[in-house]
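*Asks:* Structure file structure09.cif (mmCIF, C-alpha atoms and all ligand atoms) right here:
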```
data_protein
loop_
_atom_site.label_atom_id
_atom_site.label_comp_id
_atom_site.auth_asym_id
_atom_site.auth_seq_id
_atom_site.Cartn_x
_atom_site.Cartn_y
_atom_site.Cartn_z
CA MET A 1 76.31 -15.20 2.32
CA SER A 2 78.44 -13.37 -0.25
CA TYR A 3 77.16 -10.63 -2.52
CA LYS A 4 78.45 -9.37 -5.86
CA PHE A 5 78.46 -5.67 -4.99
CA PHE A 6 78.53 -5.65 -1.20
CA VAL A 7 80.54 -6.76 1.78
CA LEU A 8 78.49 -7.25 4.94
CA GLU A 9 80.33 -7.28 8.27
CA LYS A 10 78.48 -8.24 11.43
CA ASP A 11 79.68 -7.22 14.88
CA ASN A 12 77.01 -8.36 17.35
CA ASN A 13 74.06 -6.12 16.53
CA ILE A 14 76.04 -3.43 14.70
CA TYR A 15 76.39 -4.29 11.00
CA ARG A 16 78.50 -2.58 8.38
CA LEU A 17 77.49 -2.74 4.73
CA ILE A 18 80.25 -1.75 2.33
CA ILE A 19 79.16 -0.98 -1.22
CA ASN A 20 81.82 -2.47 -3.44
CA ALA A 21 81.40 -1.80 -7.16
CA PRO A 22 84.64 0.11 -7.82
CA LYS A 23 84.56 0.01 -11.64
CA SER A 24 81.71 2.51 -11.74
CA LEU A 25 82.46 4.21 -8.41
CA ASN A 26 79.54 2.34 -6.81
CA SER A 27 76.92 3.64 -9.21
CA LEU A 28 73.45 2.20 -8.62
CA SER A 29 72.75 -0.21 -11.47
CA THR A 30 69.48 -2.15 -11.47
CA GLU A 31 71.46 -5.27 -10.56
CA LEU A 32 73.09 -3.53 -7.59
CA LEU A 33 69.76 -2.10 -6.40
CA ASN A 34 68.15 -5.55 -6.58
CA ASP A 35 70.94 -6.96 -4.41
CA PHE A 36 70.62 -4.02 -2.04
CA GLU A 37 66.94 -4.77 -1.57
CA LYS A 38 67.63 -8.45 -0.86
CA ILE A 39 70.21 -7.55 1.78
CA ILE A 40 67.88 -5.11 3.52
CA ASP A 41 65.07 -7.70 3.46
CA GLU A 42 67.37 -10.38 4.89
CA ILE A 43 68.94 -8.34 7.66
CA SER A 44 65.57 -6.89 8.67
CA LYS A 45 64.82 -10.41 9.97
CA GLU A 46 68.03 -10.46 12.04
CA ASN A 47 68.93 -8.95 15.39
CA VAL A 48 70.57 -5.84 13.90
CA LYS A 49 70.22 -2.58 15.77
CA VAL A 50 72.43 -0.27 13.73
CA LEU A 51 73.48 -0.59 10.10
CA ILE A 52 76.42 1.53 8.94
CA ILE A 53 76.41 2.00 5.16
CA THR A 54 79.64 3.09 3.51
CA GLY A 55 81.52 2.91 0.21
CA ILE A 56 85.02 2.11 -0.92
CA GLU A 57 88.08 4.06 -1.99
CA LYS A 58 87.03 7.52 -3.21
CA SER A 59 83.33 6.82 -3.58
CA PHE A 60 80.32 6.37 -1.34
CA VAL A 61 78.00 6.14 -4.36
CA ALA A 62 78.54 8.20 -7.55
CA GLY A 63 74.84 8.17 -8.39
CA ALA A 64 72.40 6.26 -10.51
CA ASP A 65 74.06 4.34 -13.35
CA ILE A 66 74.41 6.83 -16.19
CA ALA A 67 75.50 4.17 -18.71
CA GLU A 68 72.33 2.19 -17.96
CA MET A 69 70.06 5.26 -17.96
CA LYS A 70 71.42 6.71 -21.21
CA GLU A 71 69.20 4.58 -23.49
CA MET A 72 66.14 4.41 -21.24
CA ASN A 73 62.71 5.41 -22.47
CA TYR A 74 59.90 6.84 -20.34
CA GLN A 75 58.65 3.47 -19.07
CA GLN A 76 62.12 2.15 -18.26
CA ALA A 77 62.99 5.37 -16.42
CA LEU A 78 59.74 5.07 -14.45
CA ASP A 79 60.54 1.47 -13.49
CA TYR A 80 64.07 2.47 -12.50
CA ALA A 81 62.81 5.32 -10.28
CA LYS A 82 60.26 2.96 -8.70
CA LEU A 83 63.00 0.45 -7.90
CA GLY A 84 65.22 3.13 -6.35
CA HIS A 85 62.31 4.46 -4.32
CA ARG A 86 61.33 0.99 -3.12
CA VAL A 87 64.85 0.16 -1.92
CA PHE A 88 65.45 3.55 -0.30
CA SER A 89 62.03 3.55 1.38
CA LYS A 90 62.86 0.13 2.86
CA ILE A 91 66.11 1.60 4.20
CA GLU A 92 64.25 4.61 5.60
CA GLN A 93 61.62 2.43 7.27
CA ALA A 94 64.03 -0.30 8.42
CA PRO A 95 63.46 -1.71 11.91
CA PHE A 96 66.98 -0.59 12.86
CA ILE A 97 68.95 2.65 12.79
CA THR A 98 70.94 3.45 9.66
CA ILE A 99 74.07 5.59 9.54
CA ALA A 100 75.51 6.72 6.21
CA ALA A 101 79.27 7.02 6.63
CA ILE A 102 80.05 9.07 3.53
CA ASN A 103 83.65 8.34 2.63
CA GLY A 104 83.84 10.00 -0.82
CA TYR A 105 81.57 10.94 -3.71
CA ALA A 106 77.89 10.99 -2.72
CA LEU A 107 76.36 12.37 -5.91
CA GLY A 108 72.84 12.08 -7.29
CA GLY A 109 71.46 8.72 -6.18
CA GLY A 110 74.42 8.49 -3.78
CA LEU A 111 73.32 11.49 -1.78
CA GLU A 112 69.74 10.21 -2.09
CA LEU A 113 70.82 6.95 -0.48
CA ALA A 114 72.40 8.90 2.37
CA LEU A 115 69.21 10.97 2.72
CA ALA A 116 67.21 7.78 3.24
CA CYS A 117 69.44 6.92 6.22
CA ASP A 118 68.65 8.11 9.75
CA ILE A 119 72.03 9.79 10.35
CA ARG A 120 74.75 11.04 7.99
CA ILE A 121 78.38 11.69 8.78
CA ALA A 122 81.09 12.48 6.25
CA SER A 123 84.82 12.29 5.83
CA LYS A 124 86.65 15.51 4.97
CA ARG A 125 87.21 13.90 1.55
CA ALA A 126 83.51 13.52 0.81
CA LYS A 127 81.91 15.43 -2.04
CA LEU A 128 78.14 15.68 -2.06
CA GLY A 129 75.60 16.98 -4.53
CA GLN A 130 72.65 16.50 -6.82
CA PRO A 131 74.17 16.98 -10.29
CA GLU A 132 71.19 15.59 -12.21
CA VAL A 133 70.27 18.86 -13.95
CA SER A 134 73.70 18.72 -15.64
CA LEU A 135 72.52 15.46 -17.23
CA GLY A 136 69.16 16.80 -18.37
CA ILE A 137 67.16 15.05 -15.63
CA ILE A 138 65.98 15.68 -12.07
CA PRO A 139 66.81 13.61 -8.98
CA GLY A 140 64.78 10.41 -9.23
CA PHE A 141 65.59 8.50 -6.05
CA GLY A 142 64.06 10.90 -3.55
CA ALA A 143 66.10 14.12 -3.25
CA THR A 144 63.37 16.52 -4.34
CA GLN A 145 61.37 15.33 -1.32
CA ARG A 146 63.90 14.13 1.28
CA LEU A 147 66.40 16.96 0.80
CA SER A 148 63.73 19.67 1.01
CA ARG A 149 62.27 18.07 4.14
CA LEU A 150 65.74 17.83 5.69
CA ILE A 151 67.23 21.27 4.95
CA GLY A 152 64.20 23.27 3.80
CA VAL A 153 62.90 24.15 0.38
CA SER A 154 65.20 27.13 -0.20
CA LEU A 155 68.49 25.31 0.36
CA ALA A 156 67.25 22.18 -1.41
CA LYS A 157 66.37 24.26 -4.47
CA TYR A 158 69.83 25.83 -4.38
CA VAL A 159 71.54 22.41 -4.22
CA ILE A 160 69.35 20.83 -6.91
CA PHE A 161 69.11 23.79 -9.33
CA SER A 162 72.85 24.53 -9.20
CA GLY A 163 73.95 20.90 -9.45
CA ASP A 164 77.02 22.08 -7.51
CA THR A 165 79.28 19.68 -5.66
CA LEU A 166 79.49 20.51 -1.97
CA LYS A 167 82.45 19.91 0.30
CA ALA A 168 81.73 17.96 3.48
CA GLU A 169 82.01 21.11 5.61
CA GLU A 170 79.46 22.93 3.42
CA ALA A 171 77.10 19.97 3.70
CA GLU A 172 77.54 20.08 7.48
CA LYS A 173 76.67 23.80 7.58
CA MET A 174 73.50 23.10 5.59
CA GLY A 175 72.51 20.31 7.97
CA ILE A 176 72.88 17.52 5.42
CA VAL A 177 75.51 15.76 7.54
CA VAL A 178 75.78 15.97 11.31
CA LYS A 179 79.54 15.52 11.61
CA VAL A 180 82.70 15.73 9.50
CA THR A 181 85.70 13.60 10.41
CA GLU A 182 89.23 12.90 9.25
CA PRO A 183 88.98 10.18 6.57
CA GLU A 184 90.65 7.52 8.73
CA GLU A 185 88.31 8.28 11.66
CA LEU A 186 85.02 8.00 9.73
CA ILE A 187 84.13 4.40 10.56
CA ASP A 188 85.26 4.68 14.20
CA GLU A 189 83.03 7.73 14.54
CA ALA A 190 80.09 5.83 12.99
CA LYS A 191 80.69 2.97 15.43
CA LYS A 192 80.89 5.42 18.34
CA ILE A 193 77.49 6.83 17.35
CA ALA A 194 76.13 3.29 16.96
CA LEU A 195 77.42 2.18 20.39
CA ASN A 196 75.93 5.25 22.03
CA ILE A 197 72.54 4.52 20.42
CA ILE A 198 72.51 0.87 21.43
CA SER A 199 73.42 1.76 25.02
CA LYS A 200 69.93 3.33 25.21
CA SER A 201 66.55 1.59 25.20
CA PHE A 202 66.36 0.25 21.63
CA ASN A 203 62.59 0.01 22.02
CA ALA A 204 62.49 3.75 22.76
CA VAL A 205 64.90 4.58 19.92
CA ILE A 206 62.83 2.68 17.35
CA ILE A 207 59.57 4.19 18.61
CA ALA A 208 61.17 7.66 18.37
CA LYS A 209 62.19 6.85 14.77
CA LYS A 210 58.60 5.86 14.02
CA ALA A 211 57.21 9.03 15.63
CA ILE A 212 59.55 11.22 13.58
CA GLU A 213 59.09 9.36 10.28
CA GLN A 214 55.30 9.13 10.55
CA GLY A 215 54.85 12.59 12.08
CA ILE A 216 56.75 14.47 9.40
CA GLU A 217 54.16 13.32 6.85
CA MET A 218 51.18 14.54 8.94
CA PRO A 219 49.65 17.87 9.87
CA LYS A 220 51.19 19.04 13.17
CA TYR A 221 48.30 18.32 15.56
CA GLU A 222 47.67 14.91 14.03
CA ALA A 223 51.38 14.19 14.42
CA LEU A 224 51.28 15.28 18.07
CA LYS A 225 48.39 12.85 18.64
CA THR A 226 50.55 10.11 17.15
CA GLU A 227 53.33 11.11 19.54
CA GLU A 228 50.90 10.81 22.49
CA ILE A 229 50.05 7.25 21.52
CA LEU A 230 53.62 6.22 20.82
CA PHE A 231 54.79 7.86 24.06
CA ALA A 232 52.17 5.92 26.02
CA SER A 233 53.13 2.69 24.24
CA CYS A 234 56.61 2.97 25.81
CA PHE A 235 54.90 2.33 29.17
CA THR A 236 53.88 -1.16 28.03
CA HIS A 237 57.54 -2.17 27.68
CA ASN A 238 59.89 -3.24 30.49
CA ASP A 239 62.51 -0.70 29.39
CA GLN A 240 60.39 2.13 30.77
CA LYS A 241 60.25 0.59 34.29
CA ASN A 242 63.92 -0.41 34.09
CA GLY A 243 65.05 3.01 32.87
CA MET A 244 63.08 4.98 35.44
CA SER A 245 63.87 2.65 38.38
CA ALA A 246 67.55 2.84 37.48
CA PHE A 247 67.35 6.64 37.47
CA ILE A 248 65.67 6.75 40.91
CA GLU A 249 68.09 4.15 42.36
CA ARG A 250 71.09 5.87 40.70
CA LYS A 251 72.01 2.69 38.85
CA LYS A 252 72.81 1.91 35.24
CA PRO A 253 69.65 0.82 33.41
CA ASN A 254 69.49 -2.76 32.25
CA PHE A 255 67.53 -2.51 29.01
CA GLU A 256 66.11 -5.53 27.20
N1 LIG B 1 77.19 5.92 -13.56
C1 LIG B 1 77.91 5.08 -14.32
N2 LIG B 1 79.26 5.08 -14.32
C2 LIG B 1 79.89 5.97 -13.53
C3 LIG B 1 79.19 6.89 -12.72
C4 LIG B 1 77.76 6.84 -12.74
N3 LIG B 1 77.00 7.63 -11.99
N4 LIG B 1 80.07 7.65 -12.07
C5 LIG B 1 81.28 7.22 -12.45
N5 LIG B 1 81.18 6.22 -13.33
C6 LIG B 1 82.25 5.47 -13.98
C7 LIG B 1 82.93 6.30 -15.07
O1 LIG B 1 82.19 6.24 -16.28
C8 LIG B 1 84.26 5.62 -15.15
O2 LIG B 1 84.11 4.44 -15.89
P1 LIG B 1 85.28 4.01 -16.96
O3 LIG B 1 86.50 3.83 -16.11
O4 LIG B 1 84.75 2.73 -17.52
O5 LIG B 1 85.39 5.13 -17.92
C9 LIG B 1 84.55 5.22 -13.71
O6 LIG B 1 83.29 5.22 -13.05
C10 LIG B 1 85.46 6.20 -13.00
O7 LIG B 1 84.88 7.49 -13.12
P2 LIG B 1 85.71 8.78 -13.60
O8 LIG B 1 86.80 8.40 -14.53
O9 LIG B 1 84.74 9.80 -14.09
O10 LIG B 1 86.35 9.22 -12.19
P3 LIG B 1 86.79 10.67 -11.76
O11 LIG B 1 87.53 10.51 -10.48
O12 LIG B 1 87.45 11.40 -12.86
O13 LIG B 1 85.40 11.44 -11.46
C11 LIG B 1 83.20 11.66 -10.52
C12 LIG B 1 84.59 11.02 -10.41
C13 LIG B 1 83.32 13.18 -10.29
C14 LIG B 1 82.33 11.05 -9.45
C15 LIG B 1 82.63 11.41 -11.95
O14 LIG B 1 82.75 10.03 -12.23
C16 LIG B 1 81.19 11.79 -12.09
O15 LIG B 1 80.89 12.97 -12.23
N6 LIG B 1 80.27 10.80 -12.08
C17 LIG B 1 78.89 11.02 -12.32
C18 LIG B 1 78.22 11.65 -11.11
C19 LIG B 1 76.76 11.97 -11.40
O16 LIG B 1 76.44 12.74 -12.28
N7 LIG B 1 75.84 11.34 -10.63
C20 LIG B 1 74.44 11.52 -10.79
C21 LIG B 1 73.87 10.46 -11.65
S1 LIG B 1 72.19 10.77 -12.09
C22 LIG B 1 71.27 10.24 -10.79
O17 LIG B 1 71.80 9.83 -9.76
C23 LIG B 1 69.79 10.25 -11.04
C24 LIG B 1 68.92 9.86 -9.91
O18 LIG B 1 68.73 10.61 -8.98
C25 LIG B 1 68.16 8.64 -9.99
#
```
What would you get if you wrote out this structure as structure tokens?
Ligand code: CAA

*Replies:*
Amino acid sequence: MSYKFFVLEKDNNIYRLIINAPKSLNSLSTELLNDFEKIIDEISKENVKVLIITGIEKSFVAGADIAEMKEMNYQQALDYAKLGHRVFSKIEQAPFITIAAINGYALGGGLELALACDIRIASKRAKLGQPEVSLGIIPGFGATQRLSRLIGVSLAKYVIFSGDTLKAEEAEKMGIVVKVTEPEELIDEAKKIALNIISKSFNAVIIAKKAIEQGIEMPKYEALKTEEILFASCFTHNDQKNGMSAFIERKKPNFE
């Protein structure tokens, strides 16, 4: 299937989704977000294990669409935020692992998209930030919550209140991205991470994702109870016997 704002490349169970709306540096119009949601819904039914999300040329995503937002009233802004949240929450809760390969500008909604992904890496050319306060608004696609959960309230306040643009290396120091690469090595690095993940028990990886995502929203001891149950549930899957037998027999595990 072909999409107006996206190119989807499938390589076995590692998919790459390239956001391709160059005229506005990949800004997140309502039309683009609607397409994004359809793609996530469709591929969630397929045998994808890792989805790499990236942009084109100098932009990952330059934010929500300022031209579209300019004339919005309260209700329209609320609907727009709800749409962004719905799409990004689907990405966050996807039944596969998501890697944001940040090639260029990841500003406002662009950084918020990356924050909804499981793992973020960035090219040395990437520029990241939450510039919304310069536009008279606050982040509306998740940064006030996801950024503060990721790097702590103090740093998140600094990033959001200043509206400053961060270099990739600064974002790495803050823990927003896990790795910075040469621009031409970004996608290879994302694929390397993806291949490493899929060499493990995918059942275990997805259960670990669930434990982290659900647990972070709970009080600690409730979250630890959830971990107990999810840990035990691994023992109902063949991968646990395969993985442990392979360890004892000094063989390579043969995961399902
Ligand atoms: N929305 C709509 N259009 C955008 C856009 C955006 N977020 N970002 C860039 N564009 C458009 C520009 O208007 C321009 O269009 P025209 O050619 O038709 O004039 C085109 O993309 C190229 O942009 P520039 O000429 O500005 O390119 P540049 O290289 O000089 O600058 C940039 C690049 C620094 C990213 C600059 O475009 C910029 O600052 N963009 C806005 C970034 C921003 O503020 N993002 C946050 C949006 S608010 C938000 O995201 C709210 C939320 O949380 C929901």

*Asks:* Taking only C-alpha atoms into account, name the residue in A:Ser162, A:Gln145, A:Gln75, A:Ser29 that is nearest to Gly129 of chain A.

*Replies:*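 Checking each candidate against Gly129 of chain A, we get A:Ser162 as the closest.
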
*Asks:* Around ligand LIG 1 (chain B), out to 7 Å and counting only C-alpha atoms and all ligand atoms, which residues are there? I want them as a short mmCIF file (atom, residue, chain, number, x, y, z; two decimals) with C-alpha atoms, in the coordinates of the input.

*Replies:*
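Listing of part07.cif after writing:
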```cif
data_model
loop_
_atom_site.label_atom_id
_atom_site.label_comp_id
_atom_site.auth_asym_id
_atom_site.auth_seq_id
_atom_site.Cartn_x
_atom_site.Cartn_y
_atom_site.Cartn_z
CA LYS A 23 84.56 0.01 -11.64
CA SER A 24 81.71 2.51 -11.74
CA LEU A 25 82.46 4.21 -8.41
CA SER A 27 76.92 3.64 -9.21
CA ALA A 62 78.54 8.20 -7.55
CA GLY A 63 74.84 8.17 -8.39
CA ALA A 64 72.40 6.26 -10.51
CA ASP A 65 74.06 4.34 -13.35
CA ILE A 66 74.41 6.83 -16.19
CA ALA A 67 75.50 4.17 -18.71
CA ALA A 81 62.81 5.32 -10.28
CA TYR A 105 81.57 10.94 -3.71
CA LEU A 107 76.36 12.37 -5.91
CA GLY A 108 72.84 12.08 -7.29
CA GLY A 109 71.46 8.72 -6.18
CA GLY A 110 74.42 8.49 -3.78
CA GLU A 112 69.74 10.21 -2.09
CA GLN A 130 72.65 16.50 -6.82
CA PRO A 131 74.17 16.98 -10.29
CA GLU A 132 71.19 15.59 -12.21
CA LEU A 135 72.52 15.46 -17.23
CA ILE A 138 65.98 15.68 -12.07
CA PRO A 139 66.81 13.61 -8.98
CA GLY A 140 64.78 10.41 -9.23
CA PHE A 141 65.59 8.50 -6.05
#
```

*Asks:* Considering all atoms listed in the file, state which residue in the set A:Glu46, A:Ser123, A:Leu113, A:Val61 is at the smallest distance from Lys10 of chain A.

*Replies:*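 Comparing A:Glu46, A:Ser123, A:Leu113, A:Val61 against Lys10 of chain A, the winner is A:Glu46.
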
*Asks:* Between A:Asn13, A:Ser245, A:Ser44, A:Gln76, single out the one closest to Ala94 of chain A, counting only C-alpha atoms.

*Replies:*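 Looking at the shortest contact to Ala94 of chain A, the residue is A:Ser44.
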
*Asks:* List the neighbours of segment 87-90 of chain A out to 7 Å using all atoms listed in the file; skip same-chain residues closer than 2 positions along the sequence, and give me the result as a VMD selection string.

*Replies:* chain A and resid 37 83 to 85 92 to 94 113 116

*Asks:* Do you know which residues are at most 9 Å from segment 195-205 of chain A counting all atoms listed in the file, after dropping those on the same chain fewer than 6 positions away, and could you put them as a VMD selection string?

*Replies:* chain A and resid 13 to 14 49 to 50 96 to 97 231 234 237 239 to 240 243 253 to 256

*Asks:* Could you pull the residues within 10 Å of Leu51 of chain A, counting only C-alpha atoms, minus those fewer than 2 positions along the same chain, as a ChimeraX atom specification?

*Replies:* /A:8-10,13-17,40,43,48-49,53-54,91,94,96-100,117-118,190-191,194

*Asks:* Kindly give the distance, in Å, that separates atom CA of Val180 of chain A and atom CA of Ala122 of chain A, rounded to a single decimal.

*Replies:* 4.9 Å

*Asks:* So how many Å separate atom CA of Ile52 of chain A and atom CA of Glu185 of chain A, to one decimal?

*Replies:* 13.9 Å

*Asks:* Could you check how far atom CA of Lys4 of chain A sits from atom CA of Phe36 of chain A, in Å to one decimal?

*Replies:*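 So the answer is 10.2 Å.
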
*Asks:* With distances taken over all atoms listed in the file, which of A:Ile151, A:Ala208, A:Ile137, A:Ala106 is nearest to Ile229 of chain A?

*Replies:* A:Ala208

*Asks:* Could you check the closest approach to Glu172 of chain A for each of A:Ala211, A:Val7, A:Val153, A:Ile121 and tell me which residue wins, using only C-alpha atoms?

*Replies:*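 Under the stated criterion, the closest residue is A:Ile121.
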
*Asks:* I want to know what sits within 10 Å of Lys127 of chain A, based on only C-alpha atoms, with residues of the same chain fewer than 3 positions away left out; could you give that as number ranges by chain?

*Replies:* A: 58-60, 62, 102-107, 111, 122-124, 164-171

*Asks:* With distances taken over all atoms listed in the file, which of A:Leu115, A:Phe161, A:Gly215, A:Ile39 is nearest to Leu147 of chain A?

*Replies:* A:Leu115

*Asks:* Quick one: segment 193-206 of chain A from the block, N, CA, C and O atoms, as a short mmCIF file (atom, residue, chain, number, x, y, z; two decimals), in the first residue's frame.

*Replies:*
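And here's part.cif as it stands now:
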```
data_model
loop_
_atom_site.label_atom_id
_atom_site.label_comp_id
_atom_site.auth_asym_id
_atom_site.auth_seq_id
_atom_site.Cartn_x
_atom_site.Cartn_y
_atom_site.Cartn_z
N ILE A 193 20.60 -2.41 16.41
CA ILE A 193 19.85 -2.52 17.68
C ILE A 193 18.66 -3.47 17.47
O ILE A 193 18.38 -4.34 18.30
N ALA A 194 17.98 -3.29 16.33
CA ALA A 194 16.80 -4.12 16.03
C ALA A 194 17.20 -5.60 15.94
O ALA A 194 16.54 -6.47 16.52
N LEU A 195 18.29 -5.89 15.23
CA LEU A 195 18.72 -7.29 15.05
C LEU A 195 19.10 -7.91 16.40
O LEU A 195 18.80 -9.08 16.66
N ASN A 196 19.74 -7.11 17.23
CA ASN A 196 20.12 -7.62 18.56
C ASN A 196 18.85 -7.97 19.36
O ASN A 196 18.77 -9.04 19.97
N ILE A 197 17.85 -7.09 19.29
CA ILE A 197 16.61 -7.34 20.04
C ILE A 197 15.92 -8.60 19.51
O ILE A 197 15.50 -9.46 20.29
N ILE A 198 15.84 -8.73 18.19
CA ILE A 198 15.08 -9.90 17.68
C ILE A 198 15.87 -11.21 17.79
O ILE A 198 15.32 -12.27 17.56
N SER A 199 17.16 -11.11 18.16
CA SER A 199 17.90 -12.36 18.40
C SER A 199 17.51 -12.94 19.77
O SER A 199 17.83 -14.08 20.08
N LYS A 200 16.81 -12.15 20.59
CA LYS A 200 16.40 -12.59 21.92
C LYS A 200 14.98 -13.17 21.84
O LYS A 200 14.37 -13.17 20.78
N SER A 201 14.49 -13.66 22.97
CA SER A 201 13.11 -14.15 22.99
C SER A 201 12.18 -12.93 22.81
O SER A 201 12.14 -12.05 23.69
N PHE A 202 11.45 -12.89 21.70
CA PHE A 202 10.56 -11.74 21.48
C PHE A 202 9.44 -11.74 22.51
O PHE A 202 8.98 -10.68 22.95
N ASN A 203 9.02 -12.96 22.90
CA ASN A 203 8.00 -13.03 23.95
C ASN A 203 8.49 -12.32 25.21
O ASN A 203 7.77 -11.51 25.80
N ALA A 204 9.75 -12.61 25.59
CA ALA A 204 10.30 -11.97 26.80
C ALA A 204 10.45 -10.46 26.61
O ALA A 204 10.13 -9.68 27.52
N VAL A 205 10.89 -10.05 25.43
CA VAL A 205 11.08 -8.61 25.19
C VAL A 205 9.75 -7.87 25.32
O VAL A 205 9.66 -6.81 25.96
N ILE A 206 8.71 -8.43 24.73
CA ILE A 206 7.40 -7.75 24.76
C ILE A 206 6.81 -7.75 26.17
O ILE A 206 6.18 -6.79 26.59
#
```
